[in-house]
>>> print(open('target-v3.cif').read())   # mmCIF, C-alpha atoms
data_structure
#
loop_
_atom_site.label_atom_id
_atom_site.label_comp_id
_atom_site.auth_asym_id
_atom_site.auth_seq_id
_atom_site.Cartn_x
_atom_site.Cartn_y
_atom_site.Cartn_z
CA MET I 878 42.50 16.37 -15.09
CA PRO I 879 41.43 19.99 -15.69
CA LEU I 880 37.75 20.42 -16.54
CA MET I 881 37.79 21.60 -20.15
CA LEU I 882 34.14 21.59 -21.18
CA SER I 883 30.69 22.11 -19.68
CA VAL I 884 27.97 20.61 -21.86
CA ILE I 885 24.68 22.38 -21.08
CA VAL I 886 21.61 20.44 -22.20
CA PRO I 887 18.12 22.00 -21.99
CA LEU I 888 15.55 19.21 -21.61
CA HIS I 889 11.81 19.41 -22.22
CA ASN I 890 9.75 16.42 -23.35
CA VAL I 891 12.03 14.96 -26.03
CA GLY I 892 10.68 11.44 -25.49
CA GLU I 893 12.38 8.48 -27.15
CA LEU I 894 15.06 10.67 -28.77
CA PHE I 895 16.67 11.53 -25.43
CA GLU I 896 18.48 8.26 -24.66
CA PRO I 897 20.17 8.01 -28.11
CA PHE I 898 21.39 11.58 -27.56
CA LEU I 899 22.76 10.64 -24.13
CA ALA I 900 24.49 7.60 -25.63
CA SER I 901 26.26 9.83 -28.17
CA LEU I 902 27.25 12.21 -25.38
CA LEU I 903 28.63 9.43 -23.18
CA ALA I 904 30.61 8.10 -26.16
CA GLN I 905 32.60 11.34 -26.54
CA ASP I 906 36.36 10.95 -26.88
CA GLU I 907 36.78 14.07 -24.76
CA GLN I 908 36.64 12.93 -21.13
CA ARG I 909 37.47 16.23 -19.41
CA LEU I 910 33.88 17.38 -19.34
CA GLU I 911 30.82 17.83 -17.17
CA VAL I 912 27.23 17.45 -18.37
CA ILE I 913 24.62 19.83 -16.96
CA ILE I 914 21.09 18.74 -17.87
CA VAL I 915 18.50 21.40 -17.12
CA ASN I 916 15.14 19.64 -16.83
CA ASP I 917 12.79 22.41 -17.93
CA GLY I 918 9.53 21.08 -16.49
CA SER I 919 9.41 17.84 -18.51
CA THR I 920 6.20 15.83 -18.09
CA ASP I 921 6.96 12.83 -20.31
CA GLY I 922 9.46 11.02 -18.08
CA SER I 923 12.54 12.66 -19.66
CA GLY I 924 13.47 14.18 -16.31
CA ASP I 925 13.38 10.76 -14.64
CA ILE I 926 15.72 9.40 -17.33
CA ALA I 927 18.10 12.33 -16.73
CA HIS I 928 18.21 11.62 -13.00
CA ARG I 929 18.82 7.91 -13.63
CA TYR I 930 21.82 8.70 -15.82
CA ALA I 931 23.10 11.19 -13.23
CA ARG I 932 23.04 8.49 -10.56
CA GLN I 933 25.06 6.22 -12.85
CA HIS I 934 27.57 8.81 -14.12
CA PRO I 935 29.19 11.22 -11.64
CA HIS I 936 30.00 13.82 -14.30
CA ILE I 937 26.29 14.34 -15.06
CA THR I 938 24.30 16.88 -13.00
CA VAL I 939 20.57 17.57 -13.29
CA ILE I 940 18.92 20.90 -12.47
CA ASP I 941 15.12 20.77 -12.17
CA GLN I 942 13.10 23.90 -12.87
CA LEU I 943 9.54 24.81 -13.77
CA ASN I 944 9.01 25.14 -17.51
CA ALA I 945 10.52 28.50 -18.46
CA GLY I 946 11.87 27.86 -21.96
CA VAL I 947 15.21 26.98 -23.50
CA SER I 948 16.78 30.40 -22.86
CA CYS I 949 16.23 30.21 -19.10
CA ALA I 950 17.47 26.61 -19.13
CA ARG I 951 20.72 27.59 -20.86
CA ASN I 952 21.21 30.55 -18.53
CA ALA I 953 20.72 28.25 -15.53
CA GLY I 954 23.42 25.97 -16.90
CA LEU I 955 25.79 28.88 -17.49
CA ALA I 956 25.33 29.96 -13.86
CA VAL I 957 26.93 26.74 -12.57
CA ALA I 958 29.26 25.78 -15.45
CA ARG I 959 32.88 25.16 -14.43
CA GLY I 960 34.58 24.21 -17.70
CA LYS I 961 36.95 26.38 -19.71
CA TYR I 962 34.54 26.05 -22.63
CA VAL I 963 30.79 25.52 -22.88
CA ALA I 964 28.59 23.82 -25.47
CA PHE I 965 24.82 23.78 -25.96
CA PRO I 966 23.63 20.63 -27.79
CA ASP I 967 19.91 19.92 -28.19
CA ALA I 968 18.63 16.83 -26.38
CA ASP I 969 17.04 15.29 -29.50
CA ASP I 970 20.14 15.39 -31.72
CA LEU I 971 23.30 13.25 -32.09
CA LEU I 972 27.02 13.96 -31.69
CA ALA I 973 29.96 12.34 -33.45
CA PRO I 974 32.30 10.71 -30.89
CA GLU I 975 35.17 13.02 -31.84
CA MET I 976 33.12 16.23 -31.85
CA TYR I 977 34.14 17.81 -28.56
CA SER I 978 37.70 16.48 -28.51
CA THR I 979 38.23 18.02 -31.95
CA LEU I 980 36.68 21.39 -31.09
CA VAL I 981 38.41 21.72 -27.72
CA GLU I 982 41.79 20.74 -29.14
CA LEU I 983 41.54 23.34 -31.91
CA ALA I 984 40.23 25.98 -29.50
CA GLU I 985 43.19 25.38 -27.18
CA LYS I 986 45.76 25.26 -29.98
CA ASN I 987 44.55 28.55 -31.47
CA GLN I 988 43.43 30.33 -28.27
CA LEU I 989 39.93 30.84 -29.65
CA ASP I 990 36.82 32.54 -28.35
CA VAL I 991 34.64 30.28 -30.54
CA MET I 992 35.43 27.06 -32.40
CA GLN I 993 32.69 26.00 -34.81
CA CYS I 994 32.18 22.91 -36.94
CA ASN I 995 29.74 21.89 -39.64
CA GLY I 996 26.79 19.57 -39.17
CA GLU I 997 24.19 17.60 -41.07
CA ARG I 998 20.41 17.60 -40.92
CA TYR I 999 18.43 14.37 -40.82
CA PHE I 1000 14.84 14.79 -42.01
CA THR I 1001 12.93 12.05 -40.24
CA ASP I 1002 9.84 12.15 -42.46
CA GLU I 1003 11.90 11.76 -45.64
CA ASP I 1004 14.77 9.63 -44.26
CA GLU I 1005 17.15 12.11 -45.87
CA LEU I 1006 20.52 13.45 -44.74
CA GLN I 1007 21.89 16.81 -45.91
CA PRO I 1008 24.94 18.85 -44.91
CA ILE I 1009 24.08 22.11 -43.21
CA ILE I 1010 26.78 23.97 -45.14
CA PRO I 1011 28.03 22.14 -48.26
CA GLN I 1012 31.83 22.18 -48.37
CA LYS I 1013 31.78 23.72 -51.84
CA ARG I 1014 29.98 26.71 -50.32
CA LEU I 1015 32.29 27.19 -47.33
CA GLY I 1016 35.56 25.47 -46.48
CA ASP I 1017 37.79 25.46 -43.40
CA THR I 1018 38.99 28.84 -42.21
CA GLY I 1019 42.06 30.04 -40.42
CA VAL I 1020 41.70 32.15 -37.29
CA ILE I 1021 39.55 35.17 -38.14
CA SER I 1022 37.37 37.61 -36.22
CA GLY I 1023 33.77 36.79 -35.44
CA ALA I 1024 32.56 39.57 -37.73
CA GLN I 1025 34.66 38.19 -40.61
CA TRP I 1026 33.32 34.70 -39.97
CA LEU I 1027 29.71 35.88 -39.85
CA GLU I 1028 30.06 37.78 -43.12
CA ARG I 1029 31.70 34.80 -44.83
CA ALA I 1030 29.13 32.35 -43.43
CA LEU I 1031 26.13 34.44 -44.46
CA LYS I 1032 27.49 34.75 -48.00
CA SER I 1033 27.37 30.95 -48.26
CA ARG I 1034 23.54 31.24 -48.20
CA LYS I 1035 23.49 28.00 -46.17
CA PHE I 1036 24.49 29.24 -42.71
CA ILE I 1037 21.95 28.86 -39.91
CA HIS I 1038 22.10 30.73 -36.60
CA VAL I 1039 22.38 27.87 -34.10
CA VAL I 1040 24.41 27.54 -30.91
CA TRP I 1041 24.99 23.78 -31.03
CA LEU I 1042 27.72 23.64 -33.68
CA ALA I 1043 30.38 25.27 -31.52
CA VAL I 1044 32.22 25.46 -28.23
CA TYR I 1045 32.55 28.87 -26.58
CA ARG I 1046 35.14 30.06 -24.07
CA LEU I 1047 33.23 30.56 -20.83
CA ASP I 1048 35.12 33.58 -19.54
CA PHE I 1049 34.53 35.26 -22.93
CA ILE I 1050 30.77 34.72 -22.50
CA LYS I 1051 30.83 36.06 -18.96
CA GLN I 1052 33.05 39.03 -19.84
CA HIS I 1053 30.56 40.22 -22.46
CA ARG I 1054 27.46 39.11 -20.51
CA LEU I 1055 26.26 36.98 -23.40
CA TYR I 1056 23.11 35.45 -21.95
CA PHE I 1057 19.97 34.18 -23.69
CA GLU I 1058 16.78 36.22 -23.99
CA PRO I 1059 14.05 34.56 -21.87
CA GLY I 1060 10.83 33.58 -23.60
CA LEU I 1061 12.09 34.24 -27.14
CA HIS I 1062 11.66 31.65 -29.90
CA HIS I 1063 14.76 31.34 -32.12
CA GLN I 1064 16.86 33.12 -29.51
CA ASP I 1065 19.91 31.56 -31.22
CA ILE I 1066 19.71 34.23 -33.93
CA PRO I 1067 20.46 37.34 -31.84
CA TRP I 1068 22.72 35.40 -29.44
CA THR I 1069 25.05 34.01 -32.10
CA THR I 1070 25.13 37.40 -33.83
CA GLU I 1071 26.15 39.21 -30.64
CA VAL I 1072 28.71 36.51 -29.88
CA MET I 1073 30.35 36.96 -33.27
CA PHE I 1074 30.30 40.76 -33.04
CA ASN I 1075 32.38 40.42 -29.85
CA ALA I 1076 34.61 37.45 -30.72
CA GLN I 1077 38.15 38.26 -31.79
CA ARG I 1078 39.38 34.75 -32.56
CA VAL I 1079 37.10 32.29 -34.38
CA LYS I 1080 37.81 29.24 -36.50
CA TYR I 1081 35.52 27.02 -38.61
CA LEU I 1082 35.93 23.34 -39.48
CA SER I 1083 33.87 22.17 -42.47
CA LYS I 1084 33.73 18.56 -41.23
CA ALA I 1085 30.22 17.58 -40.06
CA LEU I 1086 30.41 16.48 -36.42
CA TYR I 1087 26.80 17.11 -35.33
CA ARG I 1088 23.52 15.65 -36.58
CA GLN I 1089 20.34 17.66 -36.19
CA ARG I 1090 17.20 15.55 -36.28
CA VAL I 1091 14.47 17.57 -37.97
CA HIS I 1092 10.98 16.44 -36.94
CA ASP I 1093 7.54 18.04 -36.49
CA GLN I 1094 7.58 17.72 -32.69
CA SER I 1095 10.52 20.07 -32.17
CA ILE I 1096 9.66 23.61 -31.06
CA SER I 1097 11.32 25.16 -34.11
CA ASN I 1098 9.50 22.99 -36.66
CA ARG I 1099 6.08 22.68 -35.04
CA ARG I 1100 3.21 23.70 -37.31
CA ARG I 1101 1.23 26.71 -36.08
CA THR I 1102 -1.99 28.23 -37.41
CA GLY I 1103 -4.28 31.12 -36.51
CA LYS I 1104 -3.53 33.11 -33.37
CA ALA I 1105 -0.65 30.82 -32.38
CA ASN I 1106 1.09 31.59 -35.68
CA VAL I 1107 0.53 35.34 -35.27
CA GLU I 1108 2.10 35.23 -31.81
CA TYR I 1109 4.99 33.19 -33.20
CA GLN I 1110 5.69 35.77 -35.92
CA ARG I 1111 5.91 38.48 -33.28
CA HIS I 1112 9.02 36.74 -32.00
CA TYR I 1113 10.63 37.33 -35.40
CA MET I 1114 9.68 41.02 -35.22
CA LYS I 1115 11.42 41.26 -31.85
CA ILE I 1116 14.47 39.48 -33.25
CA VAL I 1117 14.66 42.00 -36.12
CA ALA I 1118 14.57 44.84 -33.58
CA MET I 1119 17.34 43.17 -31.56
CA LEU I 1120 19.50 42.73 -34.66
CA VAL I 1121 19.00 46.38 -35.65
CA ALA I 1122 20.06 47.41 -32.15
CA LEU I 1123 23.19 45.25 -32.42
#
>>> encode(input="target-v3.cif", output="structure tokens")
Amino acid sequence: MPLMLSVIVPLHNVGELFEPFLASLLAQDEQRLEVIIVNDGSTDGSGDIAHRYARQHPHITVIDQLNAGVSCARNAGLAVARGKYVAFPDADDLLAPEMYSTLVELAEKNQLDVMQCNGERYFTDEDELQPIIPQKRLGDTGVISGAQWLERALKSRKFIHVVWLAVYRLDFIKQHRLYFEPGLHHQDIPWTTEVMFNAQRVKYLSKALYRQRVHDQSISNRRRTGKANVEYQRHYMKIVAMLVAL
């Protein structure tokens, strides 16, 4: 079978959430895929779990590297990816079984650069589930340009700049040299913006196929005070400069 999808998974200390994620990944209806786990200097045993699964499942590969951040981990995965499309799920989230089969099928049928779906957010401290983009705010689209999609999505006032809701055509990424900025928090914001500025064929499915688990231990939601918070805000200032340049 042709290899249709490379699933690139950055991994750094996700603890007990990692194995449920792997279970949802192994349960995918789409079988024409490879899984590239980039162990980004984990110290909590997550890397050992990744290697155990790789020994049991030949389509799983593990790359070990010193902790360099999620951007470097994704770039390392892109360097060895062999699928026609790539995806970037987070290792503490969950995937619907039909997620990648649905996205790949629609991407192939419509010859897309990017095929994006909706998702839902699970707030662990409140045991609450919410759609990321309510369907009344934004429904399915036909094939449109990335710029048209971005404008429409932003007008919904519910869109979030994340990479994990889509599959991307790998040769499109390589053609436009769409790599992740090392060391930058919230690097998804400039990356997804640049992707959509370059994409000519994009489609959106309003069905939620991905579940983000929102918890205080994730890098994006970790509480910061004092100097750590000041340094964190400087990442946003850099992102604004990158968006202005785009």
>>> resolve_selection(input="target-v3.cif", expression="the PyMOL selection byres ((chain I and resi 989) around 10)", output="VMD selection string")
chain I and resid 981 983 to 988 990 to 992 1020 to 1022 1044 to 1046 1049 1076 to 1080
>>> residues_around(input="target-v3.cif", residues="Tyr1056 (chain I)", least_positions_apart="5", cutoff="8 Å", atoms="only C-alpha atoms", output="PyMOL selection string")
chain I and resi 952+1050+1068
>>> residues_around(input="target-v3.cif", residues="region 923-933 of chain I", least_positions_apart="5", cutoff="9 Å", atoms="only C-alpha atoms", output="number ranges by chain")
I: 888-893, 895-896, 899, 914-918, 938-939, 941
>>> resolve_selection(input="target-v3.cif", expression="the PyMOL selection byres ((chain I and resi 1027) around 12)", output="ChimeraX atom specification")
/I:991,993,1015,1018,1021-1026,1028-1038,1066,1069-1077,1079-1081
>>> closest_residue(input="target-v3.cif", among="I:Leu903, I:Leu1006, I:Val1040, I:Cys994", to="Pro974 (chain I)", atoms="only C-alpha atoms")
I:Leu903
>>> closest_residue(input="target-v3.cif", among="I:Glu1005, I:Asp906, I:Glu975, I:Glu911", to="Ala958 (chain I)", atoms="only C-alpha atoms")
I:Glu911
>>> atom_distance(input="target-v3.cif", atom1="CA of Leu1120 (chain I)", atom2="CA of Pro1067 (chain I)")
6.2 Å
>>> atom_distance(input="target-v3.cif", atom1="CA of Leu1047 (chain I)", atom2="CA of Gly960 (chain I)")
7.2 Å
